[in-house]
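J.: Sharing target_2.cif, mmCIF, C-alpha atoms:
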data_model
loop_
_atom_site.label_atom_id
_atom_site.label_comp_id
_atom_site.auth_asym_id
_atom_site.auth_seq_id
_atom_site.Cartn_x
_atom_site.Cartn_y
_atom_site.Cartn_z
CA MET A 122 2.17 -14.41 23.45
CA SER A 123 5.23 -14.94 21.31
CA THR A 124 7.07 -11.90 19.97
CA PHE A 125 9.65 -11.09 17.33
CA PRO A 126 13.04 -10.00 18.68
CA ILE A 127 13.61 -6.25 18.45
CA THR A 128 16.66 -5.42 16.33
CA ASP A 129 18.38 -2.24 15.14
CA LYS A 130 16.37 -2.49 11.93
CA THR A 131 12.96 -3.20 13.46
CA GLU A 132 12.93 -1.06 16.61
CA ILE A 133 10.24 1.64 16.33
CA THR A 134 12.11 4.78 17.38
CA ARG A 135 9.54 7.34 16.22
CA LEU A 136 6.41 7.16 18.45
CA PRO A 137 7.66 3.92 20.07
CA LYS A 138 4.35 3.32 21.85
CA ARG A 139 2.90 2.44 18.42
CA GLY A 140 5.43 -0.39 18.00
CA VAL A 141 4.04 -3.92 18.21
CA TYR A 142 6.22 -7.00 18.00
CA ASP A 143 3.84 -9.82 18.81
CA VAL A 144 3.53 -12.55 16.24
CA ASP A 145 -0.27 -12.74 16.25
CA THR A 146 -0.67 -9.03 15.45
CA VAL A 147 1.87 -9.23 12.61
CA HIS A 148 0.19 -12.32 11.17
CA ALA A 149 -3.29 -10.77 11.39
CA ILE A 150 -2.18 -7.63 9.52
CA LEU A 151 -0.53 -9.73 6.81
CA ASP A 152 -3.65 -11.88 6.46
CA GLU A 153 -5.92 -8.87 6.00
CA ALA A 154 -3.69 -6.82 3.67
CA LEU A 155 -4.21 -7.68 0.00
CA VAL A 156 -1.07 -6.04 -1.34
CA CYS A 157 2.48 -5.64 -0.11
CA THR A 158 5.51 -3.85 -1.51
CA VAL A 159 8.80 -5.70 -1.88
CA ALA A 160 11.84 -3.40 -1.74
CA PHE A 161 15.31 -4.47 -2.77
CA THR A 162 18.57 -2.89 -3.85
CA LEU A 163 20.35 -3.40 -7.17
CA GLU A 164 23.74 -1.74 -7.61
CA GLY A 165 22.97 0.70 -4.82
CA GLN A 166 19.62 1.71 -6.32
CA PRO A 167 16.45 1.01 -4.30
CA PHE A 168 13.52 -0.57 -6.14
CA GLN A 169 10.12 -1.68 -5.01
CA ILE A 170 7.33 -3.74 -6.50
CA PRO A 171 3.70 -3.85 -5.32
CA THR A 172 2.34 -7.38 -5.41
CA GLY A 173 -0.26 -9.70 -3.93
CA PHE A 174 0.90 -12.14 -1.29
CA CYS A 175 -0.23 -14.62 1.33
CA ARG A 176 1.02 -15.95 4.63
CA ILE A 177 1.23 -19.54 5.80
CA ASP A 178 2.61 -20.25 9.27
CA ASN A 179 5.53 -17.89 9.66
CA LYS A 180 6.32 -17.42 5.97
CA LEU A 181 5.16 -14.82 3.46
CA TYR A 182 4.74 -15.94 -0.17
CA ILE A 183 4.68 -14.03 -3.44
CA HIS A 184 4.32 -15.49 -6.88
CA GLY A 185 4.79 -14.43 -10.45
CA SER A 186 5.93 -15.53 -13.84
CA VAL A 187 9.22 -17.37 -14.17
CA GLY A 188 9.94 -14.61 -16.70
CA SER A 189 9.56 -11.82 -14.11
CA PHE A 190 12.80 -9.84 -14.05
CA TYR A 191 12.59 -8.81 -10.43
CA MET A 192 11.65 -12.24 -9.12
CA ARG A 193 14.56 -13.77 -11.03
CA GLU A 194 16.93 -11.15 -9.66
CA LEU A 195 15.68 -11.67 -6.11
CA GLN A 196 16.01 -15.42 -6.38
CA GLN A 197 19.28 -15.69 -8.27
CA LYS A 198 21.12 -13.10 -6.18
CA LYS A 199 19.35 -13.94 -2.90
CA LEU A 200 18.85 -10.21 -2.43
CA PRO A 201 17.90 -8.98 1.03
CA VAL A 202 14.42 -7.50 0.96
CA CYS A 203 12.28 -5.19 3.00
CA ILE A 204 8.57 -5.96 2.66
CA SER A 205 5.74 -3.83 3.99
CA ALA A 206 1.95 -3.96 4.08
CA THR A 207 -0.36 -1.28 5.41
CA LEU A 208 -4.05 -1.18 6.36
CA LEU A 209 -5.76 2.20 6.67
CA ASP A 210 -8.44 2.25 9.35
CA GLY A 211 -9.43 5.89 9.58
CA MET A 212 -8.69 9.56 9.27
CA VAL A 213 -7.92 11.08 12.68
CA LEU A 214 -9.47 14.54 12.58
CA ALA A 215 -8.00 16.69 15.33
CA ARG A 216 -8.85 20.28 16.20
CA SER A 217 -5.41 21.44 15.07
CA ALA A 218 -3.85 20.71 11.69
CA PHE A 219 -0.72 19.59 13.52
CA HIS A 220 -2.40 16.73 15.38
CA HIS A 221 -4.17 15.25 12.38
CA SER A 222 -3.19 11.64 11.95
CA VAL A 223 -4.29 8.32 10.53
CA ASN A 224 -5.37 5.14 12.26
CA TYR A 225 -3.45 2.35 10.58
CA ARG A 226 -1.86 -1.03 11.04
CA SER A 227 1.38 -1.66 9.17
CA VAL A 228 4.05 -4.35 9.06
CA VAL A 229 7.64 -3.91 7.93
CA MET A 230 9.80 -7.03 7.67
CA PHE A 231 13.34 -7.84 6.60
CA SER A 232 14.08 -11.18 5.03
CA GLU A 233 15.63 -13.04 2.09
CA PRO A 234 13.98 -14.91 -0.77
CA GLU A 235 13.75 -18.68 -0.85
CA LEU A 236 12.74 -20.34 -4.12
CA ILE A 237 9.91 -22.74 -3.33
CA THR A 238 10.47 -26.01 -5.17
CA ASN A 239 8.64 -28.46 -2.92
CA LYS A 240 5.42 -29.28 -4.77
CA ASP A 241 3.26 -29.52 -1.65
CA GLU A 242 4.44 -26.12 -0.44
CA LEU A 243 3.96 -24.60 -3.93
CA TYR A 244 0.48 -26.02 -4.26
CA THR A 245 -0.56 -24.93 -0.77
CA ALA A 246 0.80 -21.41 -1.32
CA LEU A 247 -1.26 -20.98 -4.50
CA GLU A 248 -4.34 -22.40 -2.83
CA VAL A 249 -4.04 -20.07 0.16
CA PHE A 250 -3.28 -17.14 -2.17
CA THR A 251 -6.39 -17.82 -4.27
CA ASN A 252 -8.61 -18.26 -1.23
CA LYS A 253 -7.25 -15.02 0.24
CA MET A 254 -8.52 -13.25 -2.88
CA CYS A 255 -11.96 -14.82 -2.33
CA PRO A 256 -12.48 -17.39 0.41
CA GLY A 257 -13.76 -20.59 -1.20
CA ARG A 258 -12.50 -19.79 -4.69
CA TRP A 259 -9.84 -22.51 -5.02
CA ASP A 260 -12.25 -25.45 -4.84
CA ASP A 261 -14.43 -23.89 -7.54
CA VAL A 262 -11.90 -23.19 -10.29
CA ARG A 263 -9.81 -25.14 -12.77
CA LYS A 264 -6.57 -26.10 -11.07
CA PRO A 265 -3.20 -25.35 -12.66
CA THR A 266 -1.91 -27.64 -15.37
CA GLU A 267 1.64 -28.97 -15.33
CA GLY A 268 2.60 -26.25 -17.82
CA GLU A 269 1.04 -23.53 -15.68
CA TRP A 270 2.93 -24.74 -12.62
CA LYS A 271 6.15 -24.61 -14.61
CA ALA A 272 5.40 -21.02 -15.65
CA THR A 273 4.87 -19.92 -12.03
CA MET A 274 7.61 -18.91 -9.64
CA VAL A 275 6.87 -18.81 -5.92
CA LEU A 276 9.22 -17.15 -3.46
CA GLY A 277 8.93 -17.55 0.30
CA PHE A 278 10.25 -15.15 2.94
CA GLU A 279 10.61 -16.22 6.55
CA ILE A 280 8.92 -13.69 8.85
CA LYS A 281 11.63 -13.04 11.40
CA GLU A 282 13.09 -9.53 11.64
CA THR A 283 9.69 -7.86 11.77
CA SER A 284 7.71 -5.17 13.50
CA ALA A 285 4.22 -3.74 13.28
CA LYS A 286 3.14 -0.18 13.93
CA VAL A 287 -0.43 0.50 14.98
CA ARG A 288 -2.39 3.65 15.78
CA VAL A 289 -5.89 3.38 17.21
CA GLY A 290 -8.31 5.67 18.98
CA PRO A 291 -9.45 9.28 18.86
CA PRO A 292 -7.33 12.37 18.12
CA LYS A 293 -5.07 13.74 20.82
CA ASP A 294 -5.16 17.51 20.85
CA ASP A 295 -3.34 20.07 22.93
CA GLU A 296 -5.22 20.74 26.17
CA GLU A 297 -6.16 24.31 25.26
CA ASP A 298 -7.57 23.24 21.87
CA TYR A 299 -10.39 21.10 23.32
CA ASP A 300 -12.41 24.27 23.80
CA LEU A 301 -12.29 25.21 20.09
CA ASN A 302 -15.49 25.02 18.07
CA VAL A 303 -13.98 22.45 15.71
CA TRP A 304 -15.54 19.04 15.13
CA ALA A 305 -13.07 16.27 15.99
CA GLY A 306 -13.19 12.52 15.71
CA ILE A 307 -12.54 9.62 13.39
CA GLN A 308 -13.64 9.11 9.80
CA PRO A 309 -13.33 5.32 9.47
CA LEU A 310 -11.93 3.84 6.25
CA LYS A 311 -12.73 0.37 5.01
CA LEU A 312 -11.77 -1.51 1.86
CA GLU A 313 -15.11 -2.97 0.82
CA ARG A 314 -16.08 -5.63 -1.67
CA LYS A 315 -18.86 -4.31 -3.88
CA THR A 316 -21.50 -5.76 -6.18
CA LEU A 317 -20.13 -8.46 -8.50
CA ILE A 318 -19.78 -7.71 -12.22
CA ALA A 319 -20.21 -10.81 -14.35
CA ASP A 320 -17.75 -11.44 -17.18
CA PRO A 321 -19.45 -10.49 -20.49
CA GLY A 322 -18.32 -13.94 -21.70
CA LEU A 323 -19.92 -15.79 -18.78
CA LYS A 324 -21.52 -19.06 -19.89
CA ALA A 325 -25.32 -18.85 -19.78
CA GLY A 326 -26.89 -20.37 -16.69
CA VAL A 327 -23.81 -20.33 -14.45
CA PRO A 328 -24.98 -18.97 -11.08
CA VAL A 329 -23.01 -16.88 -8.61
CA PRO A 330 -21.61 -19.39 -6.10
CA PRO A 331 -22.72 -19.09 -2.47
CA TYR A 332 -19.21 -18.13 -1.23
CA LEU A 333 -19.37 -14.95 -3.34
CA LEU A 334 -22.78 -13.84 -2.07
CA MET B 253 -0.80 14.41 -23.57
CA SER B 254 2.58 14.76 -21.92
CA THR B 255 4.42 11.62 -20.88
CA PHE B 256 7.34 10.65 -18.68
CA PRO B 257 10.42 9.39 -20.54
CA ILE B 258 10.83 5.62 -20.39
CA THR B 259 14.13 4.62 -18.78
CA ASP B 260 15.82 1.35 -17.86
CA LYS B 261 14.37 1.69 -14.37
CA THR B 262 10.80 2.58 -15.35
CA GLU B 263 10.17 0.46 -18.43
CA ILE B 264 7.42 -2.09 -17.72
CA THR B 265 8.92 -5.31 -19.06
CA ARG B 266 6.45 -7.74 -17.48
CA LEU B 267 3.03 -7.40 -19.20
CA PRO B 268 4.17 -4.22 -21.01
CA LYS B 269 0.66 -3.45 -22.24
CA ARG B 270 -0.19 -2.51 -18.64
CA GLY B 271 2.51 0.17 -18.62
CA VAL B 272 1.30 3.78 -18.63
CA TYR B 273 3.64 6.74 -18.79
CA ASP B 274 1.32 9.67 -19.23
CA VAL B 275 1.56 12.41 -16.65
CA ASP B 276 -2.18 12.81 -16.05
CA THR B 277 -2.64 9.12 -15.20
CA VAL B 278 0.31 9.16 -12.80
CA HIS B 279 -0.94 12.33 -11.11
CA ALA B 280 -4.49 10.96 -10.77
CA ILE B 281 -3.26 7.76 -9.10
CA LEU B 282 -1.09 9.75 -6.68
CA ASP B 283 -4.00 12.06 -5.85
CA GLU B 284 -6.32 9.18 -5.03
CA ALA B 285 -3.86 7.02 -3.06
CA LEU B 286 -3.75 7.87 0.63
CA VAL B 287 -0.53 6.07 1.47
CA CYS B 288 2.76 5.49 -0.31
CA THR B 289 5.87 3.54 0.59
CA VAL B 290 9.27 5.21 0.44
CA ALA B 291 12.12 2.76 -0.17
CA PHE B 292 15.77 3.66 0.30
CA THR B 293 19.06 1.89 0.86
CA LEU B 294 21.36 2.31 3.85
CA GLU B 295 24.70 0.48 3.77
CA GLY B 296 23.37 -1.92 1.15
CA GLN B 297 20.25 -2.77 3.15
CA PRO B 298 16.85 -1.89 1.66
CA PHE B 299 14.33 -0.17 3.92
CA GLN B 300 10.86 1.14 3.34
CA ILE B 301 8.45 3.34 5.24
CA PRO B 302 4.69 3.62 4.65
CA THR B 303 3.54 7.21 4.95
CA GLY B 304 0.86 9.68 3.89
CA PHE B 305 1.72 12.07 1.07
CA CYS B 306 0.33 14.60 -1.34
CA ARG B 307 1.11 15.89 -4.81
CA ILE B 308 1.31 19.48 -6.03
CA ASP B 309 2.15 20.13 -9.67
CA ASN B 310 4.86 17.61 -10.49
CA LYS B 311 6.20 17.09 -6.98
CA LEU B 312 5.32 14.54 -4.29
CA TYR B 313 5.53 15.67 -0.66
CA ILE B 314 5.87 13.74 2.60
CA HIS B 315 6.15 15.23 6.04
CA GLY B 316 7.11 14.14 9.50
CA SER B 317 8.83 15.16 12.68
CA VAL B 318 12.24 16.83 12.46
CA GLY B 319 13.19 14.03 14.87
CA SER B 320 12.26 11.29 12.38
CA PHE B 321 15.34 9.12 11.83
CA TYR B 322 14.51 8.11 8.29
CA MET B 323 13.56 11.59 7.13
CA ARG B 324 16.81 12.96 8.52
CA GLU B 325 18.79 10.22 6.82
CA LEU B 326 17.02 10.83 3.50
CA GLN B 327 17.60 14.55 3.72
CA GLN B 328 21.13 14.63 5.05
CA LYS B 329 22.47 11.95 2.71
CA LYS B 330 20.26 12.89 -0.26
CA LEU B 331 19.49 9.19 -0.62
CA PRO B 332 17.95 8.03 -3.88
CA VAL B 333 14.44 6.74 -3.25
CA CYS B 334 11.90 4.55 -4.93
CA ILE B 335 8.33 5.51 -4.01
CA SER B 336 5.21 3.54 -4.87
CA ALA B 337 1.48 3.87 -4.36
CA THR B 338 -1.15 1.31 -5.29
CA LEU B 339 -4.94 1.40 -5.65
CA LEU B 340 -6.85 -1.88 -5.65
CA ASP B 341 -9.92 -1.78 -7.87
CA GLY B 342 -11.11 -5.35 -7.94
CA MET B 343 -10.53 -9.07 -7.75
CA VAL B 344 -10.38 -10.61 -11.21
CA LEU B 345 -12.06 -13.98 -10.86
CA ALA B 346 -11.15 -16.17 -13.79
CA ARG B 347 -12.31 -19.71 -14.52
CA SER B 348 -8.82 -21.05 -13.93
CA ALA B 349 -6.70 -20.42 -10.84
CA PHE B 350 -3.84 -19.46 -13.17
CA HIS B 351 -5.65 -16.51 -14.73
CA HIS B 352 -6.84 -14.96 -11.49
CA SER B 353 -5.62 -11.41 -11.24
CA VAL B 354 -6.33 -8.05 -9.67
CA ASN B 355 -7.49 -4.80 -11.23
CA TYR B 356 -5.19 -2.13 -9.89
CA ARG B 357 -3.51 1.18 -10.61
CA SER B 358 0.00 1.64 -9.28
CA VAL B 359 2.79 4.17 -9.61
CA VAL B 360 6.48 3.54 -9.06
CA MET B 361 8.81 6.53 -9.16
CA PHE B 362 12.52 7.16 -8.66
CA SER B 363 13.66 10.45 -7.24
CA GLU B 364 15.77 12.21 -4.60
CA PRO B 365 14.68 14.16 -1.52
CA GLU B 366 14.66 17.93 -1.42
CA LEU B 367 14.27 19.63 1.97
CA ILE B 368 11.48 22.18 1.62
CA THR B 369 12.50 25.41 3.35
CA ASN B 370 10.46 27.96 1.41
CA LYS B 371 7.61 28.94 3.74
CA ASP B 372 4.99 29.31 1.01
CA GLU B 373 5.80 25.86 -0.37
CA LEU B 374 5.79 24.35 3.15
CA TYR B 375 2.48 25.92 4.02
CA THR B 376 0.86 24.94 0.74
CA ALA B 377 2.09 21.34 1.09
CA LEU B 378 0.55 21.01 4.55
CA GLU B 379 -2.69 22.60 3.38
CA VAL B 380 -2.98 20.25 0.39
CA PHE B 381 -2.02 17.28 2.59
CA THR B 382 -4.72 18.11 5.15
CA ASN B 383 -7.36 18.68 2.50
CA LYS B 384 -6.42 15.38 0.85
CA MET B 385 -7.28 13.65 4.13
CA CYS B 386 -10.67 15.40 4.12
CA PRO B 387 -11.48 18.01 1.48
CA GLY B 388 -12.32 21.26 3.27
CA ARG B 389 -10.57 20.40 6.51
CA TRP B 390 -7.76 22.97 6.40
CA ASP B 391 -10.00 26.03 6.60
CA ASP B 392 -11.81 24.58 9.61
CA VAL B 393 -8.93 23.74 11.94
CA ARG B 394 -6.38 25.57 14.04
CA LYS B 395 -3.39 26.37 11.85
CA PRO B 396 0.15 25.44 12.89
CA THR B 397 1.95 27.66 15.37
CA GLU B 398 5.51 28.80 14.76
CA GLY B 399 6.71 26.03 17.08
CA GLU B 400 4.71 23.39 15.22
CA TRP B 401 6.15 24.52 11.90
CA LYS B 402 9.65 24.22 13.35
CA ALA B 403 8.88 20.67 14.51
CA THR B 404 7.72 19.61 11.04
CA MET B 405 10.00 18.45 8.24
CA VAL B 406 8.67 18.42 4.68
CA LEU B 407 10.51 16.62 1.89
CA GLY B 408 9.67 17.05 -1.78
CA PHE B 409 10.43 14.61 -4.59
CA GLU B 410 10.27 15.65 -8.21
CA ILE B 411 8.10 13.24 -10.21
CA LYS B 412 10.33 12.47 -13.16
CA GLU B 413 11.56 8.88 -13.60
CA THR B 414 8.10 7.40 -13.18
CA SER B 415 5.72 4.82 -14.57
CA ALA B 416 2.26 3.58 -13.79
CA LYS B 417 0.89 0.07 -14.24
CA VAL B 418 -2.82 -0.43 -14.72
CA ARG B 419 -5.05 -3.46 -15.17
CA VAL B 420 -8.71 -3.00 -16.03
CA GLY B 421 -11.49 -5.16 -17.38
CA PRO B 422 -12.78 -8.72 -17.09
CA PRO B 423 -10.74 -11.89 -16.68
CA LYS B 424 -9.00 -13.36 -19.69
CA ASP B 425 -9.28 -17.12 -19.70
CA ASP B 426 -7.93 -19.77 -22.04
CA GLU B 427 -10.32 -20.31 -24.93
CA GLU B 428 -11.28 -23.83 -23.87
CA ASP B 429 -12.11 -22.72 -20.31
CA TYR B 430 -14.99 -20.43 -21.31
CA ASP B 431 -17.23 -23.48 -21.43
CA LEU B 432 -16.57 -24.45 -17.80
CA ASN B 433 -19.40 -24.10 -15.31
CA VAL B 434 -17.41 -21.63 -13.22
CA TRP B 435 -18.68 -18.15 -12.41
CA ALA B 436 -16.24 -15.52 -13.66
CA GLY B 437 -16.13 -11.75 -13.36
CA ILE B 438 -14.97 -8.91 -11.19
CA GLN B 439 -15.47 -8.36 -7.48
CA PRO B 440 -14.92 -4.59 -7.21
CA LEU B 441 -12.95 -3.21 -4.27
CA LYS B 442 -13.36 0.30 -2.94
CA LEU B 443 -11.83 2.11 0.01
CA GLU B 444 -14.87 3.75 1.57
CA ARG B 445 -15.30 6.44 4.16
CA LYS B 446 -17.77 5.26 6.80
CA THR B 447 -19.93 6.83 9.49
CA LEU B 448 -18.07 9.43 11.55
CA ILE B 449 -17.17 8.67 15.16
CA ALA B 450 -17.11 11.79 17.33
CA ASP B 451 -14.20 12.28 19.72
CA PRO B 452 -15.40 11.41 23.26
CA GLY B 453 -13.94 14.77 24.28
CA LEU B 454 -15.89 16.73 21.63
CA LYS B 455 -17.12 20.05 22.97
CA ALA B 456 -20.90 20.05 23.45
CA GLY B 457 -22.85 21.69 20.65
CA VAL B 458 -20.16 21.48 17.94
CA PRO B 459 -21.93 20.19 14.82
CA VAL B 460 -20.47 18.00 12.07
CA PRO B 461 -19.36 20.46 9.36
CA PRO B 462 -21.04 20.22 5.94
CA TYR B 463 -17.83 19.11 4.18
CA LEU B 464 -17.83 15.93 6.30
CA LEU B 465 -21.43 14.99 5.57
#
Mind converting the file's structure to structure tokens?

T.:
Amino acid sequence: MSTFPITDKTEITRLPKRGVYDVDTVHAILDEALVCTVAFTLEGQPFQIPTGFCRIDNKLYIHGSVGSFYMRELQQKKLPVCISATLLDGMVLARSAFHHSVNYRSVVMFSEPELITNKDELYTALEVFTNKMCPGRWDDVRKPTEGEWKATMVLGFEIKETSAKVRVGPPKDDEEDYDLNVWAGIQPLKLERKTLIADPGLKAGVPVPPYLL
Amino acid sequence: MSTFPITDKTEITRLPKRGVYDVDTVHAILDEALVCTVAFTLEGQPFQIPTGFCRIDNKLYIHGSVGSFYMRELQQKKLPVCISATLLDGMVLARSAFHHSVNYRSVVMFSEPELITNKDELYTALEVFTNKMCPGRWDDVRKPTEGEWKATMVLGFEIKETSAKVRVGPPKDDEEDYDLNVWAGIQPLKLERKTLIADPGLKAGVPVPPYLL
């Protein structure tokens, strides 16, 4: 199992037993999370932007318009970023208010932006991004035109200075509280995909494709 | 309808029609979102921490251990923060890859930490936080002891320099693409609460309380 090196910035100091540094865990969290937040600093002021993303190998990709202010700033100034993504797995309902918690899996990574100009890498990033939204979607849709490619900026971030933090399992109460008449356990949380809503402008006779059923 | 003032930091410049500045919309997003990310800058380096939170009136609250490094840094140095929370409502499946999007509601706010020392405000924040996890929970559980209160740090952030960004509705394709034989529409996303899992150490005979059913 390969692991990310632990640095001053990535060491989990609060509840260190929840710290996870192995590459496979980090990659799996990033592949499941649909949104990340990209934090950066401009003139001493912290900013952050929520955005979709995807991972390929050991790189995280975001994309946006070439007119996007923050993507231009990131790229032109090569600003250091902190990116995080979090999955909520359940409410941890303890007998005491104090021991309430959440089961979660989160990643926090530190990196710098790289403007992706290689056409193969660009194309693959958009394909993986689209298929992350809905597996199978890319092959079904109209591919980008030359003009659309030119309007799209893709930034890559090497996944290097990175840690995950994970809580699993039941609540942990104080010994004397286990005798209280309070229900305790987990209320699982799950981001679910619900019944499709067809576009009001959908062409007559176009069926729902099998990969969406 | 009261609105937040639009500033250089909060003006939505990319897709400005998605920008929302009214207080009720911002509050509703913050009340529904279960996790936020708090971004701050230390020695020029951006950091961010995912954490639970709650809102009361026009203030956002986070809490943690008095031993938490980042909460101490925020509080002691009164670091400016950028906080965001995002709700994903659906995949927007267009006919072209380029027009794929996501329906979402997000808030980004800029503020500074205030250490909450007033006992009424502290107590209310923890009560609202616990009931946000599961409405009705606070009245059912063992309340914090004096020692637990002393171990807990609560920071408040006035909600002032703030904007929301919201996308709703079906995909918007290029006119000529509406004739393609590609299914288009929305795949709704919803964070759902699933079947409860009792703590293996649950005392015999303790029923699931009505507010969890």

J.: Pick from A:Arg135, A:Arg216, A:Arg176, A:Arg288: nearest to Gly453 in chain B, with all atoms listed in the file counted?

T.: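 Closest candidate: A:Arg216.
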
J.: Take the PyMOL selection byres ((chain B) within 7 of (chain A)), apply it to the structure above, and return the hits as a ChimeraX atom specification.

T.: /B:266,291-293,296-300,320,332-334,343,347-350,385,390,392-396,400,422,430-431,433-451,454-455,458-460

J.: Please report the interatomic distance between CA of Gln196 in chain A and CA of Cys175 in chain A in Å with one decimal.

T.: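 Between CA of Gln196 in chain A and CA of Cys175 in chain A the gap is 18.0 Å.
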
J.: I'd like the contact shell of His279 in chain B - 12 Å cut-off, only C-alpha atoms, skipping same-chain residues fewer than 4 positions apart - returned as an MDAnalysis selection string.

T.: chainID B and resid 254:256 272:275 283:285 306:312 337 357:361 411:412 414:416

J.: Quick check, in Å to one decimal: how far apart do CA of Glu366 in chain B and CA of Glu410 in chain B lie?

T.: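 If I compute the distance from CA of Glu366 in chain B to CA of Glu410 in chain B, I get 8.4 Å.
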
J.: Which is closer to Leu334 in chain A than all the others in A:Ala246, A:Leu195, A:Pro256, A:Val147, using all atoms listed in the file?

T.: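 Smallest separation from Leu334 in chain A among the options: A:Pro256.
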
J.: Report the distance between CA of Tyr244 in chain A and CA of Glu427 in chain B in Å, rounded to one decimal place.

T.: 24.0 Å

J.: Given the choices A:Asn252, A:Pro137, A:Val289, A:Pro331, which gets closest to Asn224 in chain A if the distance is worked out from all atoms listed in the file?

T.: A:Val289

J.: Just checking: using all atoms listed in the file, which residue out of B:Ile258, B:Lys402, B:Leu367, B:Lys329 ends up closest to Tyr313 in chain B?

T.: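 For Tyr313 in chain B, the nearest of the given residues is B:Leu367.
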